[in-house]
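Asker: The following file, entry_33.cif, comprises mmCIF, N, CA and C atoms:
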```cif
data_work
#
loop_
_atom_site.group_PDB
_atom_site.id
_atom_site.type_symbol
_atom_site.label_atom_id
_atom_site.label_comp_id
_atom_site.auth_asym_id
_atom_site.auth_seq_id
_atom_site.Cartn_x
_atom_site.Cartn_y
_atom_site.Cartn_z
ATOM 1 N N MET A 1 34.881 2.669 -0.797
ATOM 2 C CA MET A 1 34.369 1.804 0.242
ATOM 3 C C MET A 1 33.117 2.394 0.880
ATOM 4 N N GLU A 2 33.179 3.702 1.207
ATOM 5 C CA GLU A 2 32.031 4.340 1.848
ATOM 6 C C GLU A 2 30.829 4.369 0.912
ATOM 7 N N SER A 3 31.078 4.540 -0.377
ATOM 8 C CA SER A 3 29.995 4.577 -1.343
ATOM 9 C C SER A 3 29.270 3.233 -1.414
ATOM 10 N N ALA A 4 30.035 2.152 -1.299
ATOM 11 C CA ALA A 4 29.427 0.814 -1.332
ATOM 12 C C ALA A 4 28.564 0.588 -0.097
ATOM 13 N N ILE A 5 29.003 1.064 1.036
ATOM 14 C CA ILE A 5 28.224 0.919 2.276
ATOM 15 C C ILE A 5 26.950 1.739 2.197
ATOM 16 N N ILE A 6 27.053 2.943 1.655
ATOM 17 C CA ILE A 6 25.864 3.800 1.515
ATOM 18 C C ILE A 6 24.876 3.168 0.545
ATOM 19 N N ARG A 7 25.361 2.626 -0.578
ATOM 20 C CA ARG A 7 24.467 1.972 -1.549
ATOM 21 C C ARG A 7 23.788 0.751 -0.927
ATOM 22 N N ALA A 8 24.544 -0.020 -0.150
ATOM 23 C CA ALA A 8 23.969 -1.199 0.495
ATOM 24 C C ALA A 8 22.923 -0.794 1.526
ATOM 25 N N ALA A 9 23.197 0.251 2.277
ATOM 26 C CA ALA A 9 22.234 0.728 3.275
ATOM 27 C C ALA A 9 20.973 1.268 2.595
ATOM 28 N N CYS A 10 21.129 1.950 1.469
ATOM 29 C CA CYS A 10 19.968 2.457 0.730
ATOM 30 C C CYS A 10 19.133 1.314 0.173
ATOM 31 N N ALA A 11 19.790 0.289 -0.344
ATOM 32 C CA ALA A 11 19.058 -0.860 -0.870
ATOM 33 C C ALA A 11 18.326 -1.593 0.249
ATOM 34 N N LEU A 12 18.973 -1.753 1.380
ATOM 35 C CA LEU A 12 18.327 -2.400 2.526
ATOM 36 C C LEU A 12 17.161 -1.558 3.035
ATOM 37 N N GLY A 13 17.350 -0.253 3.111
ATOM 38 C CA GLY A 13 16.271 0.638 3.545
ATOM 39 C C GLY A 13 15.100 0.635 2.580
ATOM 40 N N ALA A 14 15.384 0.579 1.280
ATOM 41 C CA ALA A 14 14.307 0.539 0.282
ATOM 42 C C ALA A 14 13.524 -0.763 0.387
ATOM 43 N N GLY A 15 14.226 -1.852 0.601
ATOM 44 C CA GLY A 15 13.541 -3.132 0.763
ATOM 45 C C GLY A 15 12.664 -3.160 2.004
ATOM 46 N N LEU A 16 13.183 -2.647 3.101
ATOM 47 C CA LEU A 16 12.388 -2.572 4.332
ATOM 48 C C LEU A 16 11.197 -1.636 4.168
ATOM 49 N N CYS A 17 11.416 -0.537 3.474
ATOM 50 C CA CYS A 17 10.338 0.434 3.251
ATOM 51 C C CYS A 17 9.193 -0.206 2.476
ATOM 52 N N MET A 18 9.516 -0.927 1.422
ATOM 53 C CA MET A 18 8.462 -1.565 0.632
ATOM 54 C C MET A 18 7.835 -2.731 1.378
ATOM 55 N N GLY A 19 8.642 -3.482 2.103
ATOM 56 C CA GLY A 19 8.105 -4.614 2.846
ATOM 57 C C GLY A 19 7.135 -4.187 3.927
ATOM 58 N N LEU A 20 7.553 -3.225 4.726
ATOM 59 C CA LEU A 20 6.688 -2.747 5.808
ATOM 60 C C LEU A 20 5.577 -1.848 5.283
ATOM 61 N N GLY A 21 5.851 -1.120 4.201
ATOM 62 C CA GLY A 21 4.846 -0.224 3.642
ATOM 63 C C GLY A 21 3.746 -0.947 2.891
ATOM 64 N N ALA A 22 3.959 -2.204 2.540
ATOM 65 C CA ALA A 22 2.933 -2.964 1.827
ATOM 66 C C ALA A 22 2.031 -3.742 2.777
ATOM 67 N N ILE A 23 2.460 -3.916 4.009
ATOM 68 C CA ILE A 23 1.662 -4.692 4.966
ATOM 69 C C ILE A 23 0.363 -3.970 5.310
ATOM 70 N N GLY A 24 0.451 -2.687 5.601
ATOM 71 C CA GLY A 24 -0.741 -1.918 5.984
ATOM 72 C C GLY A 24 -1.826 -1.903 4.924
ATOM 73 N N PRO A 25 -1.497 -1.516 3.684
ATOM 74 C CA PRO A 25 -2.533 -1.535 2.647
ATOM 75 C C PRO A 25 -3.101 -2.929 2.390
ATOM 76 N N ALA A 26 -2.258 -3.947 2.467
ATOM 77 C CA ALA A 26 -2.757 -5.304 2.224
ATOM 78 C C ALA A 26 -3.767 -5.716 3.287
ATOM 79 N N ILE A 27 -3.460 -5.448 4.527
ATOM 80 C CA ILE A 27 -4.384 -5.798 5.613
ATOM 81 C C ILE A 27 -5.651 -4.945 5.523
ATOM 82 N N GLY A 28 -5.479 -3.659 5.269
ATOM 83 C CA GLY A 28 -6.634 -2.761 5.179
ATOM 84 C C GLY A 28 -7.564 -3.104 4.035
ATOM 85 N N GLU A 29 -7.000 -3.373 2.865
ATOM 86 C CA GLU A 29 -7.835 -3.710 1.716
ATOM 87 C C GLU A 29 -8.500 -5.069 1.893
ATOM 88 N N GLY A 30 -7.788 -6.017 2.448
ATOM 89 C CA GLY A 30 -8.389 -7.319 2.695
ATOM 90 C C GLY A 30 -9.549 -7.227 3.672
ATOM 91 N N ASN A 31 -9.377 -6.438 4.706
ATOM 92 C CA ASN A 31 -10.446 -6.236 5.694
ATOM 93 C C ASN A 31 -11.640 -5.532 5.050
ATOM 94 N N ALA A 32 -11.382 -4.501 4.258
ATOM 95 C CA ALA A 32 -12.470 -3.744 3.624
ATOM 96 C C ALA A 32 -13.254 -4.611 2.645
ATOM 97 N N VAL A 33 -12.548 -5.373 1.839
ATOM 98 C CA VAL A 33 -13.233 -6.226 0.858
ATOM 99 C C VAL A 33 -14.025 -7.325 1.561
ATOM 100 N N GLY A 34 -13.442 -7.900 2.600
ATOM 101 C CA GLY A 34 -14.146 -8.940 3.337
ATOM 102 C C GLY A 34 -15.425 -8.439 3.977
ATOM 103 N N LYS A 35 -15.354 -7.283 4.597
ATOM 104 C CA LYS A 35 -16.549 -6.724 5.239
ATOM 105 C C LYS A 35 -17.586 -6.297 4.209
ATOM 106 N N ALA A 36 -17.134 -5.773 3.072
ATOM 107 C CA ALA A 36 -18.083 -5.383 2.029
ATOM 108 C C ALA A 36 -18.798 -6.606 1.457
ATOM 109 N N LEU A 37 -18.064 -7.685 1.262
ATOM 110 C CA LEU A 37 -18.695 -8.908 0.766
ATOM 111 C C LEU A 37 -19.664 -9.487 1.792
ATOM 112 N N GLU A 38 -19.304 -9.373 3.057
ATOM 113 C CA GLU A 38 -20.234 -9.799 4.110
ATOM 114 C C GLU A 38 -21.528 -8.995 4.046
ATOM 115 N N GLY A 39 -21.385 -7.685 3.891
ATOM 116 C CA GLY A 39 -22.563 -6.822 3.798
ATOM 117 C C GLY A 39 -23.389 -7.104 2.566
ATOM 118 N N MET A 40 -22.735 -7.384 1.438
ATOM 119 C CA MET A 40 -23.464 -7.713 0.213
ATOM 120 C C MET A 40 -24.215 -9.038 0.355
ATOM 121 N N ALA A 41 -23.620 -9.979 1.085
ATOM 122 C CA ALA A 41 -24.285 -11.268 1.278
ATOM 123 C C ALA A 41 -25.508 -11.125 2.181
ATOM 124 N N ARG A 42 -25.421 -10.221 3.147
ATOM 125 C CA ARG A 42 -26.539 -10.037 4.071
ATOM 126 C C ARG A 42 -27.656 -9.196 3.471
ATOM 127 N N GLN A 43 -27.285 -8.175 2.695
ATOM 128 C CA GLN A 43 -28.277 -7.289 2.082
ATOM 129 C C GLN A 43 -27.915 -7.068 0.610
ATOM 130 N N PRO A 44 -28.334 -7.954 -0.257
ATOM 131 C CA PRO A 44 -27.973 -7.834 -1.680
ATOM 132 C C PRO A 44 -28.477 -6.544 -2.337
ATOM 133 N N GLU A 45 -29.550 -5.954 -1.803
ATOM 134 C CA GLU A 45 -30.076 -4.728 -2.420
ATOM 135 C C GLU A 45 -29.147 -3.529 -2.221
ATOM 136 N N SER A 46 -28.244 -3.589 -1.258
ATOM 137 C CA SER A 46 -27.316 -2.475 -1.037
ATOM 138 C C SER A 46 -25.937 -2.755 -1.638
ATOM 139 N N ALA A 47 -25.854 -3.716 -2.534
ATOM 140 C CA ALA A 47 -24.562 -4.104 -3.101
ATOM 141 C C ALA A 47 -23.910 -2.964 -3.884
ATOM 142 N N GLY A 48 -24.694 -2.187 -4.600
ATOM 143 C CA GLY A 48 -24.127 -1.088 -5.389
ATOM 144 C C GLY A 48 -23.437 -0.043 -4.539
ATOM 145 N N ASP A 49 -24.099 0.373 -3.450
ATOM 146 C CA ASP A 49 -23.500 1.364 -2.553
ATOM 147 C C ASP A 49 -22.267 0.801 -1.858
ATOM 148 N N LEU A 50 -22.348 -0.445 -1.420
ATOM 149 C CA LEU A 50 -21.205 -1.060 -0.742
ATOM 150 C C LEU A 50 -20.012 -1.194 -1.680
ATOM 151 N N ARG A 51 -20.277 -1.583 -2.917
ATOM 152 C CA ARG A 51 -19.195 -1.747 -3.890
ATOM 153 C C ARG A 51 -18.507 -0.409 -4.160
ATOM 154 N N THR A 52 -19.298 0.634 -4.325
ATOM 155 C CA THR A 52 -18.728 1.956 -4.592
ATOM 156 C C THR A 52 -17.857 2.423 -3.428
ATOM 157 N N ASN A 53 -18.372 2.291 -2.219
ATOM 158 C CA ASN A 53 -17.602 2.706 -1.049
ATOM 159 C C ASN A 53 -16.367 1.837 -0.847
ATOM 160 N N MET A 54 -16.476 0.546 -1.157
ATOM 161 C CA MET A 54 -15.335 -0.349 -1.018
ATOM 162 C C MET A 54 -14.224 0.046 -1.989
ATOM 163 N N ILE A 55 -14.569 0.323 -3.234
ATOM 164 C CA ILE A 55 -13.560 0.693 -4.226
ATOM 165 C C ILE A 55 -12.907 2.021 -3.855
ATOM 166 N N LEU A 56 -13.687 2.973 -3.383
ATOM 167 C CA LEU A 56 -13.131 4.254 -2.952
ATOM 168 C C LEU A 56 -12.191 4.063 -1.764
ATOM 169 N N GLY A 57 -12.603 3.253 -0.812
ATOM 170 C CA GLY A 57 -11.751 2.989 0.354
ATOM 171 C C GLY A 57 -10.466 2.275 -0.018
ATOM 172 N N CYS A 58 -10.553 1.327 -0.947
ATOM 173 C CA CYS A 58 -9.344 0.623 -1.390
ATOM 174 C C CYS A 58 -8.391 1.560 -2.117
ATOM 175 N N ALA A 59 -8.925 2.482 -2.891
ATOM 176 C CA ALA A 59 -8.067 3.448 -3.590
ATOM 177 C C ALA A 59 -7.354 4.359 -2.599
ATOM 178 N N ILE A 60 -8.047 4.786 -1.568
ATOM 179 C CA ILE A 60 -7.422 5.640 -0.554
ATOM 180 C C ILE A 60 -6.388 4.853 0.239
ATOM 181 N N THR A 61 -6.704 3.599 0.561
ATOM 182 C CA THR A 61 -5.775 2.766 1.308
ATOM 183 C C THR A 61 -4.515 2.482 0.500
ATOM 184 N N GLU A 62 -4.665 2.300 -0.787
ATOM 185 C CA GLU A 62 -3.523 1.985 -1.640
ATOM 186 C C GLU A 62 -2.547 3.155 -1.740
ATOM 187 N N SER A 63 -3.003 4.366 -1.446
ATOM 188 C CA SER A 63 -2.106 5.517 -1.542
ATOM 189 C C SER A 63 -0.939 5.400 -0.568
ATOM 190 N N THR A 64 -1.123 4.771 0.583
ATOM 191 C CA THR A 64 0.008 4.601 1.506
ATOM 192 C C THR A 64 1.047 3.655 0.927
ATOM 193 N N GLY A 65 0.619 2.643 0.194
ATOM 194 C CA GLY A 65 1.567 1.766 -0.477
ATOM 195 C C GLY A 65 2.339 2.492 -1.562
ATOM 196 N N ILE A 66 1.673 3.395 -2.250
ATOM 197 C CA ILE A 66 2.343 4.178 -3.295
ATOM 198 C C ILE A 66 3.347 5.141 -2.674
ATOM 199 N N TYR A 67 3.013 5.707 -1.505
ATOM 200 C CA TYR A 67 3.964 6.579 -0.811
ATOM 201 C C TYR A 67 5.231 5.808 -0.434
ATOM 202 N N SER A 68 5.076 4.595 0.047
ATOM 203 C CA SER A 68 6.257 3.816 0.409
ATOM 204 C C SER A 68 7.059 3.442 -0.842
ATOM 205 N N LEU A 69 6.394 3.222 -1.972
ATOM 206 C CA LEU A 69 7.111 2.968 -3.222
ATOM 207 C C LEU A 69 7.935 4.191 -3.625
ATOM 208 N N ILE A 70 7.372 5.369 -3.484
ATOM 209 C CA ILE A 70 8.097 6.592 -3.834
ATOM 210 C C ILE A 70 9.320 6.770 -2.941
ATOM 211 N N VAL A 71 9.156 6.521 -1.647
ATOM 212 C CA VAL A 71 10.289 6.641 -0.728
ATOM 213 C C VAL A 71 11.367 5.617 -1.081
ATOM 214 N N ALA A 72 10.962 4.392 -1.404
ATOM 215 C CA ALA A 72 11.941 3.366 -1.774
ATOM 216 C C ALA A 72 12.682 3.744 -3.053
ATOM 217 N N LEU A 73 11.961 4.262 -4.041
ATOM 218 C CA LEU A 73 12.628 4.684 -5.276
ATOM 219 C C LEU A 73 13.568 5.856 -5.038
ATOM 220 N N LEU A 74 13.180 6.767 -4.169
ATOM 221 C CA LEU A 74 14.096 7.872 -3.833
ATOM 222 C C LEU A 74 15.353 7.351 -3.164
ATOM 223 N N LEU A 75 15.194 6.390 -2.269
ATOM 224 C CA LEU A 75 16.372 5.821 -1.612
ATOM 225 C C LEU A 75 17.280 5.136 -2.615
ATOM 226 N N LEU A 76 16.708 4.458 -3.593
ATOM 227 C CA LEU A 76 17.537 3.729 -4.554
ATOM 228 C C LEU A 76 18.233 4.630 -5.550
ATOM 229 N N PHE A 77 17.545 5.646 -6.019
ATOM 230 C CA PHE A 77 18.095 6.421 -7.132
ATOM 231 C C PHE A 77 18.618 7.800 -6.753
ATOM 232 N N LEU A 78 18.278 8.298 -5.580
ATOM 233 C CA LEU A 78 18.762 9.622 -5.194
ATOM 234 C C LEU A 78 20.157 9.553 -4.592
ATOM 235 N N PHE A 79 20.414 8.528 -3.815
ATOM 236 C CA PHE A 79 21.711 8.395 -3.135
ATOM 237 C C PHE A 79 22.580 7.425 -3.919
ATOM 238 N N LYS A 80 23.431 7.967 -4.793
ATOM 239 C CA LYS A 80 24.325 7.113 -5.598
ATOM 240 C C LYS A 80 25.743 7.218 -5.127
#
```
Could you show the structure in this file as structure tokens?
Answerer:
Amino acid sequence: MESAIIRAACALGAGLCMGLGAIGPAIGEGNAVGKALEGMARQPESAGDLRTNMILGCAITESTGIYSLIVALLLLFLFK
């Protein structure tokens, strides 16, 4: 009985971890891409620099989503 409760709590925690952990990167990447496109529309000659910085920023932002994925996988598979 206790094992079933622990498994259910781990599954619920993993779902919450991924749900809440995906909100931040999604908002951050959407904001970064939107602002970069705004800048490219205003100054097309700086599009290369903006694109490079945008991709680098999105990669760094995505790392928080990957951290939450790792925590969720640990919750699912470590506690059996």
Asker: Using all atoms listed in the file, pick whichever of A:Leu56, A:Glu45, A:Ser68, A:Leu78 has the shortest atom-to-atom distance to Gly19 (chain A).
Answerer: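 Among A:Leu56, A:Glu45, A:Ser68, A:Leu78, it is A:Ser68 that comes nearest to Gly19 (chain A).
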Asker: For the provided coordinates, the residues matched by the PyMOL selection byres (((chain A and resi 63 and name CA) around 12) and name CA) should be stated as a list of chain:residue names.
Answerer: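 On this input, the PyMOL selection byres (((chain A and resi 63 and name CA) around 12) and name CA) captures A:Gly21, A:Ala22, A:Gly24, A:Pro25, A:Ala26, A:Gly28, A:Glu29, A:Leu56, A:Gly57, A:Cys58, A:Ala59, A:Ile60, A:Thr61, A:Glu62, A:Thr64, A:Gly65, A:Ile66, A:Tyr67, A:Ser68, A:Leu69, A:Ile70.
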Asker: Which residues are near Lys35 (chain A)? Cut-off 12 Å, only C-alpha atoms, ignore same chain within fewer than 4 positions. Put them as a compact mmCIF listing (two decimals) with N, CA and C atoms, keeping the file's coordinate frame.
Answerer:
```
# COMPACT_ATOMS: atom_id res chain seq x y z
N GLY A 28 -5.48 -3.66 5.27
CA GLY A 28 -6.63 -2.76 5.18
C GLY A 28 -7.56 -3.10 4.04
N GLU A 29 -7.00 -3.37 2.86
CA GLU A 29 -7.84 -3.71 1.72
C GLU A 29 -8.50 -5.07 1.89
N GLY A 30 -7.79 -6.02 2.45
CA GLY A 30 -8.39 -7.32 2.70
C GLY A 30 -9.55 -7.23 3.67
N ASN A 31 -9.38 -6.44 4.71
CA ASN A 31 -10.45 -6.24 5.69
C ASN A 31 -11.64 -5.53 5.05
N GLY A 39 -21.38 -7.68 3.89
CA GLY A 39 -22.56 -6.82 3.80
C GLY A 39 -23.39 -7.10 2.57
N MET A 40 -22.74 -7.38 1.44
CA MET A 40 -23.46 -7.71 0.21
C MET A 40 -24.22 -9.04 0.36
N ALA A 41 -23.62 -9.98 1.08
CA ALA A 41 -24.28 -11.27 1.28
C ALA A 41 -25.51 -11.12 2.18
N ARG A 42 -25.42 -10.22 3.15
CA ARG A 42 -26.54 -10.04 4.07
C ARG A 42 -27.66 -9.20 3.47
N ALA A 47 -25.85 -3.72 -2.53
CA ALA A 47 -24.56 -4.10 -3.10
C ALA A 47 -23.91 -2.96 -3.88
N LEU A 50 -22.35 -0.44 -1.42
CA LEU A 50 -21.20 -1.06 -0.74
C LEU A 50 -20.01 -1.19 -1.68
N ARG A 51 -20.28 -1.58 -2.92
CA ARG A 51 -19.20 -1.75 -3.89
C ARG A 51 -18.51 -0.41 -4.16
N ASN A 53 -18.37 2.29 -2.22
CA ASN A 53 -17.60 2.71 -1.05
C ASN A 53 -16.37 1.84 -0.85
N MET A 54 -16.48 0.55 -1.16
CA MET A 54 -15.34 -0.35 -1.02
C MET A 54 -14.22 0.05 -1.99
N GLY A 57 -12.60 3.25 -0.81
CA GLY A 57 -11.75 2.99 0.35
C GLY A 57 -10.47 2.28 -0.02
```
Asker: Just give me the gap between CA of Leu74 (chain A) and CA of Gly15 (chain A) in Å, one decimal is fine.
Answerer: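 Answer for the CA of Leu74 (chain A) to CA of Gly15 (chain A) separation: 11.9 Å.
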Asker: For atom C of Ile27 (chain A) and CA of Leu76 (chain A), determine how far apart the two atoms are, in Å to one decimal place.
Answerer: 26.7 Å
Asker: Report the distance between CA of Val71 (chain A) and CA of Ala14 (chain A) in Å, rounded to one decimal place.
Answerer: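 We find that CA of Val71 (chain A) and CA of Ala14 (chain A) lie 7.4 Å from each other.
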Asker: Excluding same-chain residues fewer than 4 positions from region 1-12 of chain A, what lies within 7 Å of it counting all atoms listed in the file, as a PyMOL selection string?
Answerer: chain A and resi 16-17+75-76+79-80
